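Source file: coords_15.cif. Holds: mmCIF, C-alpha atoms.
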```cif
data_protein
loop_
_atom_site.label_atom_id
_atom_site.label_comp_id
_atom_site.auth_asym_id
_atom_site.auth_seq_id
_atom_site.Cartn_x
_atom_site.Cartn_y
_atom_site.Cartn_z
CA MET A 23 -3.03 -3.76 -47.19
CA LYS A 24 -5.03 -4.50 -50.33
CA LYS A 25 -1.87 -4.21 -52.44
CA TYR A 26 0.13 -6.48 -50.14
CA LEU A 27 -2.62 -9.10 -50.11
CA ALA A 28 -2.76 -8.98 -53.90
CA GLU A 29 1.00 -9.61 -54.03
CA LEU A 30 0.60 -12.57 -51.67
CA ILE A 31 -2.10 -14.08 -53.87
CA GLY A 32 -0.24 -13.38 -57.11
CA THR A 33 3.01 -14.89 -55.87
CA CYS A 34 1.12 -17.91 -54.60
CA ILE A 35 -0.40 -18.38 -58.07
CA LEU A 36 3.01 -18.16 -59.77
CA VAL A 37 4.79 -20.58 -57.42
CA LEU A 38 1.91 -23.03 -57.08
CA PHE A 39 1.30 -23.48 -60.80
CA GLY A 40 4.91 -23.11 -61.93
CA CYS A 41 6.55 -25.36 -59.34
CA GLY A 42 3.44 -27.53 -59.19
CA THR A 43 3.72 -28.32 -62.89
CA ALA A 44 7.39 -29.22 -62.42
CA VAL A 45 6.61 -31.53 -59.48
CA VAL A 46 3.40 -33.18 -60.64
CA ALA A 47 3.69 -33.17 -64.43
CA GLY A 48 7.29 -32.28 -65.25
CA ASP A 49 8.07 -35.74 -66.61
CA LYS A 50 5.06 -35.47 -68.94
CA VAL A 51 5.21 -31.89 -70.21
CA GLY A 52 8.99 -31.37 -70.13
CA ILE A 53 10.94 -28.12 -70.00
CA VAL A 54 8.70 -26.30 -72.46
CA GLY A 55 5.56 -27.25 -70.54
CA ILE A 56 7.04 -26.03 -67.25
CA ALA A 57 8.19 -22.82 -68.92
CA PHE A 58 4.71 -22.11 -70.21
CA ALA A 59 3.21 -22.90 -66.82
CA PHE A 60 5.32 -20.18 -65.20
CA GLY A 61 4.69 -17.70 -68.01
CA PHE A 62 0.95 -18.28 -68.24
CA ALA A 63 0.57 -18.15 -64.45
CA LEU A 64 2.27 -14.75 -64.50
CA ILE A 65 0.05 -13.50 -67.32
CA GLY A 66 -3.07 -14.63 -65.47
CA ALA A 67 -1.92 -12.97 -62.27
CA ALA A 68 -0.97 -9.79 -64.15
CA TYR A 69 -4.47 -9.25 -65.45
CA GLY A 70 -6.05 -10.48 -62.21
CA ILE A 71 -4.21 -8.39 -59.62
CA GLY A 72 -2.32 -5.94 -61.83
CA PRO A 73 -4.90 -3.16 -61.37
CA ILE A 74 -4.47 -3.45 -57.58
CA SER A 75 -0.72 -3.85 -57.01
CA GLY A 76 0.91 -3.80 -60.43
CA CYS A 77 1.54 -7.55 -60.07
CA HIS A 78 5.21 -7.50 -59.16
CA ILE A 79 4.97 -10.95 -57.45
CA ASN A 80 8.78 -10.93 -57.28
CA PRO A 81 11.01 -9.16 -54.72
CA ALA A 82 13.66 -8.46 -57.39
CA VAL A 83 11.05 -6.74 -59.55
CA SER A 84 9.84 -4.64 -56.63
CA LEU A 85 13.45 -3.71 -55.84
CA GLY A 86 13.96 -2.65 -59.46
CA ILE A 87 10.79 -0.55 -59.44
CA TRP A 88 11.88 1.05 -56.16
CA ALA A 89 15.36 1.77 -57.56
CA ALA A 90 13.76 3.34 -60.63
CA GLY A 91 11.95 5.78 -58.33
CA ARG A 92 8.49 4.38 -58.99
CA MET A 93 7.83 3.00 -55.49
CA LYS A 94 8.07 4.14 -51.87
CA THR A 95 10.26 2.29 -49.37
CA GLY A 96 7.31 1.45 -47.12
CA ASP A 97 5.49 -0.22 -50.00
CA LEU A 98 8.66 -2.10 -50.96
CA ILE A 99 8.77 -3.72 -47.53
CA GLY A 100 5.06 -4.51 -47.60
CA TYR A 101 5.36 -6.05 -51.07
CA TRP A 102 8.30 -8.20 -49.95
CA ILE A 103 6.35 -9.52 -46.97
CA GLY A 104 3.39 -10.38 -49.18
CA GLN A 105 5.56 -12.01 -51.84
CA PHE A 106 7.55 -14.23 -49.50
CA ALA A 107 4.40 -15.19 -47.60
CA GLY A 108 2.68 -16.10 -50.87
CA ALA A 109 5.60 -18.27 -51.98
CA ILE A 110 5.71 -20.11 -48.65
CA LEU A 111 1.94 -20.64 -48.76
CA ALA A 112 2.20 -22.04 -52.29
CA ALA A 113 5.00 -24.41 -51.26
CA CYS A 114 2.88 -25.65 -48.34
CA ILE A 115 -0.13 -26.24 -50.60
CA LEU A 116 2.04 -28.06 -53.14
CA ALA A 117 3.61 -30.23 -50.44
CA VAL A 118 0.17 -31.34 -49.26
CA ILE A 119 -1.03 -32.07 -52.81
CA ALA A 120 2.15 -33.97 -53.76
CA GLY A 121 1.98 -35.92 -50.51
CA GLY A 122 -1.36 -37.41 -51.56
CA VAL A 123 0.08 -39.38 -54.48
CA GLY A 124 -0.26 -43.15 -54.38
CA GLY A 125 2.76 -44.75 -52.78
CA GLY A 126 3.65 -41.55 -50.94
CA TYR A 127 5.97 -38.67 -51.75
CA ASP A 128 9.41 -38.09 -50.28
CA LEU A 129 9.61 -34.31 -49.99
CA HIS A 130 13.34 -34.16 -49.27
CA ALA A 131 14.27 -36.60 -52.03
CA SER A 132 11.93 -35.40 -54.79
CA GLY A 133 11.63 -31.75 -53.77
CA LEU A 134 9.17 -28.99 -54.63
CA GLY A 135 10.73 -27.59 -57.78
CA GLN A 136 13.47 -25.82 -55.83
CA ASN A 137 16.42 -24.12 -57.51
CA GLY A 138 20.03 -25.26 -57.33
CA TRP A 139 23.30 -25.94 -59.12
CA GLY A 140 26.24 -28.31 -59.08
CA ALA A 141 26.57 -32.09 -59.01
CA GLY A 142 23.25 -33.90 -58.93
CA TYR A 143 21.14 -30.92 -59.95
CA GLN A 144 19.81 -30.73 -63.52
CA GLY A 145 22.82 -30.24 -65.85
CA SER A 146 25.31 -30.01 -62.95
CA TYR A 147 26.29 -26.47 -63.94
CA SER A 148 28.87 -24.62 -61.85
CA LEU A 149 28.27 -21.91 -59.28
CA ALA A 150 29.68 -19.32 -61.69
CA SER A 151 27.32 -20.41 -64.48
CA ALA A 152 24.35 -20.40 -62.12
CA PHE A 153 25.11 -16.92 -60.77
CA LEU A 154 25.76 -15.45 -64.22
CA PHE A 155 22.57 -16.92 -65.66
CA GLU A 156 20.41 -15.71 -62.76
CA PHE A 157 21.92 -12.23 -62.89
CA VAL A 158 21.61 -11.76 -66.65
CA ALA A 159 18.17 -13.38 -66.92
CA THR A 160 16.78 -11.27 -64.08
CA LEU A 161 18.36 -8.11 -65.50
CA ILE A 162 16.67 -8.73 -68.85
CA PHE A 163 13.39 -9.66 -67.15
CA VAL A 164 13.25 -6.51 -65.03
CA ILE A 165 14.27 -4.32 -67.98
CA VAL A 166 11.33 -5.76 -69.95
CA ILE A 167 9.02 -5.08 -67.01
CA LEU A 168 10.19 -1.51 -66.47
CA GLY A 169 10.24 -0.79 -70.19
CA SER A 170 6.81 -2.23 -70.96
CA THR A 171 5.18 -0.39 -68.03
CA GLN A 172 6.62 3.07 -68.63
CA LYS A 173 4.30 5.82 -69.86
CA ALA A 174 5.51 5.66 -73.45
CA ALA A 175 4.81 1.91 -73.80
CA PRO A 176 1.63 0.64 -75.51
CA ALA A 177 -1.13 0.28 -72.94
CA GLY A 178 -2.56 -3.10 -72.04
CA PHE A 179 0.21 -5.32 -73.40
CA ALA A 180 2.72 -5.34 -70.55
CA GLY A 181 1.40 -8.54 -68.94
CA LEU A 182 1.68 -10.45 -72.20
CA ALA A 183 5.19 -9.20 -72.96
CA ILE A 184 6.39 -10.00 -69.43
CA GLY A 185 4.83 -13.47 -69.45
CA ILE A 186 6.37 -14.37 -72.80
CA THR A 187 9.77 -13.19 -71.57
CA LEU A 188 9.45 -15.44 -68.51
CA VAL A 189 8.64 -18.41 -70.77
CA VAL A 190 11.77 -17.84 -72.87
CA ILE A 191 13.94 -17.43 -69.77
CA HIS A 192 12.67 -20.77 -68.43
CA ILE A 193 13.22 -22.61 -71.70
CA PHE A 194 16.81 -21.39 -71.68
CA GLY A 195 17.58 -21.81 -68.00
CA ILE A 196 15.65 -24.68 -66.44
CA HIS A 197 18.51 -27.07 -67.14
CA ILE A 198 20.96 -24.63 -65.50
CA THR A 199 19.34 -23.60 -62.21
CA GLY A 200 15.68 -24.54 -62.50
CA VAL A 201 15.24 -20.77 -63.05
CA SER A 202 14.62 -18.45 -60.16
CA VAL A 203 14.83 -14.80 -61.31
CA ASN A 204 12.64 -14.39 -58.22
CA PRO A 205 13.89 -14.65 -54.62
CA ALA A 206 10.44 -15.49 -53.21
CA ARG A 207 9.89 -18.29 -55.76
CA SER A 208 13.19 -19.83 -54.60
CA PHE A 209 12.76 -19.30 -50.87
CA GLY A 210 9.32 -20.90 -50.47
CA PRO A 211 10.20 -24.37 -51.81
CA ALA A 212 13.73 -24.30 -50.29
CA LEU A 213 12.35 -23.54 -46.84
CA LEU A 214 10.20 -26.68 -46.86
CA VAL A 215 12.67 -28.98 -48.60
CA GLY A 216 15.62 -27.87 -46.46
CA GLY A 217 19.06 -29.45 -46.80
CA LYS A 218 20.99 -28.54 -49.93
CA ALA A 219 18.11 -26.48 -51.32
CA LEU A 220 18.20 -24.18 -48.30
CA GLN A 221 22.00 -24.06 -48.29
CA GLN A 222 22.04 -22.87 -51.90
CA VAL A 223 19.11 -20.45 -51.72
CA TRP A 224 21.45 -17.52 -51.00
CA LEU A 225 22.40 -17.33 -54.69
CA PHE A 226 18.76 -17.04 -55.70
CA LEU A 227 18.22 -14.28 -53.17
CA LEU A 228 21.38 -12.36 -54.12
CA ALA A 229 21.80 -12.59 -57.91
CA PRO A 230 18.22 -11.61 -58.86
CA SER A 231 18.19 -8.81 -56.27
CA VAL A 232 21.42 -7.26 -57.57
CA ALA A 233 20.12 -7.55 -61.14
CA GLY A 234 16.82 -5.92 -60.22
CA LEU A 235 18.69 -3.06 -58.55
CA VAL A 236 20.91 -2.53 -61.61
CA ALA A 237 17.91 -2.54 -63.96
CA GLY A 238 16.11 -0.02 -61.79
CA LEU A 239 19.11 2.30 -61.72
CA LEU A 240 19.37 2.14 -65.52
CA PHE A 241 15.84 3.54 -65.73
CA ARG A 242 16.32 6.03 -62.90
CA SER A 243 19.38 7.43 -64.70
CA LYS A 244 17.21 7.81 -67.84
CA MET A 245 19.54 5.54 -69.83
CA LEU A 246 16.59 3.30 -70.76
CA GLU A 247 13.67 5.59 -69.92
CA ALA A 248 11.74 6.91 -72.95
CA GLU A 249 11.71 10.68 -73.25
#
```

Written as structure tokens, that's how I'd like the structure from this file.
Amino acid sequence: MKKYLAELIGTCILVLFGCGTAVVAGDKVGIVGIAFAFGFALIGAAYGIGPISGCHINPAVSLGIWAAGRMKTGDLIGYWIGQFAGAILAACILAVIAGGVGGGYDLHASGLGQNGWGAGYQGSYSLASAFLFEFVATLIFVIVILGSTQKAAPAGFAGLAIGITLVVIHIFGIHITGVSVNPARSFGPALLVGGKALQQVWLFLLAPSVAGLVAGLLFRSKMLEAE
């Protein structure tokens, strides 16, 4: 239970500070500021809860680690429960904070940093572009995670490498999908915002999960595993 609680807390940290920056200060710090908020939140969580759970804080990452043979199925389910619960908790906290702004806050109109695509969302990129970006970005992200945490990797630097990778992914992709690469991060805000955000959340559950599975299998097959 300690591991699952750590995943809940870590995912809450990531979603609260990443999406929170987009909602509260996005117009001030811009894409780069939001990208660093997500990356730094992950780095902080990695060193805070990493010794307890490994700081997956992402169902696609846990799926990749499971596919690589580094995790039991029972733990995978427990991690998923903790991660989705943490993302929903973060979205609820953010909704309360945003709602306290002077003049009020329209949750359904302004959102909670949810992901999306198509007309009216960010750069109005197509479904195909959104799916391809989420798949490739998550694949790269999980490969970095699995590679930097294998036995042959330098000790103590994984959290930094993973956080920096997440920053770069956000700088590239915020204008495309808002960047998910994390089903829990997408589901929490979409659940509260509803409407189009909830209708489109399937892509951000599917594409990162498939990518995480592929990355894990690449390591399980020893194609990317160090000898």

Using only C-alpha atoms, which residues sit within 10 Å of Phe157 in chain A once same-chain residues fewer than 6 positions away are excluded, as a PyMOL selection string?
-> chain A and resi 151+163+202-203+225-226+228-234+236

Near-Gly200 in chain A list (7 Å; only C-alpha atoms; drop same-chain fewer than 5 positions) as a PyMOL selection string:
chain A and resi 137-138+195

Using all atoms listed in the file, the residue out of A:Ile99, A:Ala141, A:Val215, A:Ala90 with shortest distance to Lys244 in chain A is A:Ala90

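Minimum atom-to-atom distance to Gly55 in chain A, evaluated using only C-alpha atoms, belongs to A:Val189 out of A:Val189, A:Leu36, A:Ala174, A:Met23.
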
*the PyMOL selection byres ((chain A and resi 197) around 12) resolved against shown file, as JSON, numbers by chain*: {"A": [52, 53, 54, 56, 57, 137, 138, 139, 140, 142, 143, 144, 145, 146, 147, 148, 151, 152, 155, 191, 192, 193, 194, 195, 196, 198, 199, 200, 201, 202]}

*Determine the residue set returned by the PyMOL selection byres ((chain A and resi 117-132) around 12) for the present structure, and present it as a PyMOL selection string.*
chain A and resi 37-39+41-48+110-116+133-136+142-143+210-220

Could the residues in this selection be saved with C-alpha atoms as a CSV table (one decimal), in the coordinates of the input?
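again-v2.csv, written as the output of this step:
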```
chain,number,residue,atom,x,y,z
A,37,VAL,CA,4.8,-20.6,-57.4
A,38,LEU,CA,1.9,-23.0,-57.1
A,39,PHE,CA,1.3,-23.5,-60.8
A,41,CYS,CA,6.6,-25.4,-59.3
A,42,GLY,CA,3.4,-27.5,-59.2
A,43,THR,CA,3.7,-28.3,-62.9
A,44,ALA,CA,7.4,-29.2,-62.4
A,45,VAL,CA,6.6,-31.5,-59.5
A,46,VAL,CA,3.4,-33.2,-60.6
A,47,ALA,CA,3.7,-33.2,-64.4
A,48,GLY,CA,7.3,-32.3,-65.2
A,110,ILE,CA,5.7,-20.1,-48.6
A,111,LEU,CA,1.9,-20.6,-48.8
A,112,ALA,CA,2.2,-22.0,-52.3
A,113,ALA,CA,5.0,-24.4,-51.3
A,114,CYS,CA,2.9,-25.6,-48.3
A,115,ILE,CA,-0.1,-26.2,-50.6
A,116,LEU,CA,2.0,-28.1,-53.1
A,133,GLY,CA,11.6,-31.8,-53.8
A,134,LEU,CA,9.2,-29.0,-54.6
A,135,GLY,CA,10.7,-27.6,-57.8
A,136,GLN,CA,13.5,-25.8,-55.8
A,142,GLY,CA,23.2,-33.9,-58.9
A,143,TYR,CA,21.1,-30.9,-60.0
A,210,GLY,CA,9.3,-20.9,-50.5
A,211,PRO,CA,10.2,-24.4,-51.8
A,212,ALA,CA,13.7,-24.3,-50.3
A,213,LEU,CA,12.4,-23.5,-46.8
A,214,LEU,CA,10.2,-26.7,-46.9
A,215,VAL,CA,12.7,-29.0,-48.6
A,216,GLY,CA,15.6,-27.9,-46.5
A,217,GLY,CA,19.1,-29.4,-46.8
A,218,LYS,CA,21.0,-28.5,-49.9
A,219,ALA,CA,18.1,-26.5,-51.3
A,220,LEU,CA,18.2,-24.2,-48.3
```

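Counting all atoms listed in the file, the residue from A:Val223, A:Leu168, A:Leu64, A:Ala59 that sits nearest to Arg92 in chain A is A:Leu168.
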
I'd like the contact shell of Val166 in chain A - 9 Å cut-off, only C-alpha atoms, skipping same-chain residues fewer than 2 positions apart - returned as a PDB file with C-alpha atoms, keeping the file's coordinate frame.
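Done, and the output landed in selection-v6.pdb:
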```pdb
ATOM      1  CA  LEU A 161      18.360  -8.110 -65.500  1.00  0.00           C
ATOM      2  CA  ILE A 162      16.670  -8.730 -68.850  1.00  0.00           C
ATOM      3  CA  PHE A 163      13.390  -9.660 -67.150  1.00  0.00           C
ATOM      4  CA  VAL A 164      13.250  -6.510 -65.030  1.00  0.00           C
ATOM      5  CA  LEU A 168      10.190  -1.510 -66.470  1.00  0.00           C
ATOM      6  CA  GLY A 169      10.240  -0.790 -70.190  1.00  0.00           C
ATOM      7  CA  SER A 170       6.810  -2.230 -70.960  1.00  0.00           C
ATOM      8  CA  THR A 171       5.180  -0.390 -68.030  1.00  0.00           C
ATOM      9  CA  ALA A 180       2.720  -5.340 -70.550  1.00  0.00           C
ATOM     10  CA  ALA A 183       5.190  -9.200 -72.960  1.00  0.00           C
ATOM     11  CA  ILE A 184       6.390 -10.000 -69.430  1.00  0.00           C
ATOM     12  CA  THR A 187       9.770 -13.190 -71.570  1.00  0.00           C
TER      13      THR A 187
END
```

Hits of the PyMOL selection byres ((chain A and resi 108) around 8) in this structure, as a CSV table (one decimal) with C-alpha atoms, in the coordinates of the input:
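What landed in expr-v9.csv:
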```csv
chain,number,residue,atom,x,y,z
A,29,GLU,CA,1.0,-9.6,-54.0
A,30,LEU,CA,0.6,-12.6,-51.7
A,31,ILE,CA,-2.1,-14.1,-53.9
A,32,GLY,CA,-0.2,-13.4,-57.1
A,33,THR,CA,3.0,-14.9,-55.9
A,34,CYS,CA,1.1,-17.9,-54.6
A,104,GLY,CA,3.4,-10.4,-49.2
A,105,GLN,CA,5.6,-12.0,-51.8
A,106,PHE,CA,7.6,-14.2,-49.5
A,107,ALA,CA,4.4,-15.2,-47.6
A,109,ALA,CA,5.6,-18.3,-52.0
A,110,ILE,CA,5.7,-20.1,-48.6
A,111,LEU,CA,1.9,-20.6,-48.8
A,112,ALA,CA,2.2,-22.0,-52.3
```

Students should find that CA of Asn204 in chain A and CA of Gly86 in chain A are spaced 11.9 Å

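Each of A:Ala68, A:Leu188, A:Gly61, A:Cys77 was compared to Ala159 in chain A using all atoms listed in the file, and A:Leu188 turns out to be the nearest.
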
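Counting all atoms listed in the file and comparing A:Met245, A:Gln222, A:His78, A:Phe58, the residue that lies closest to Leu149 in chain A is A:Gln222.
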
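Minimum distance to Gly238 in chain A across A:Ile165, A:Ala206, A:Ala175, A:Ile186 (counting all atoms listed in the file) occurs at A:Ile165.
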
From CA of Ile74 in chain A to CA of Gly178 in chain A the spacing works out at 14.6 Å
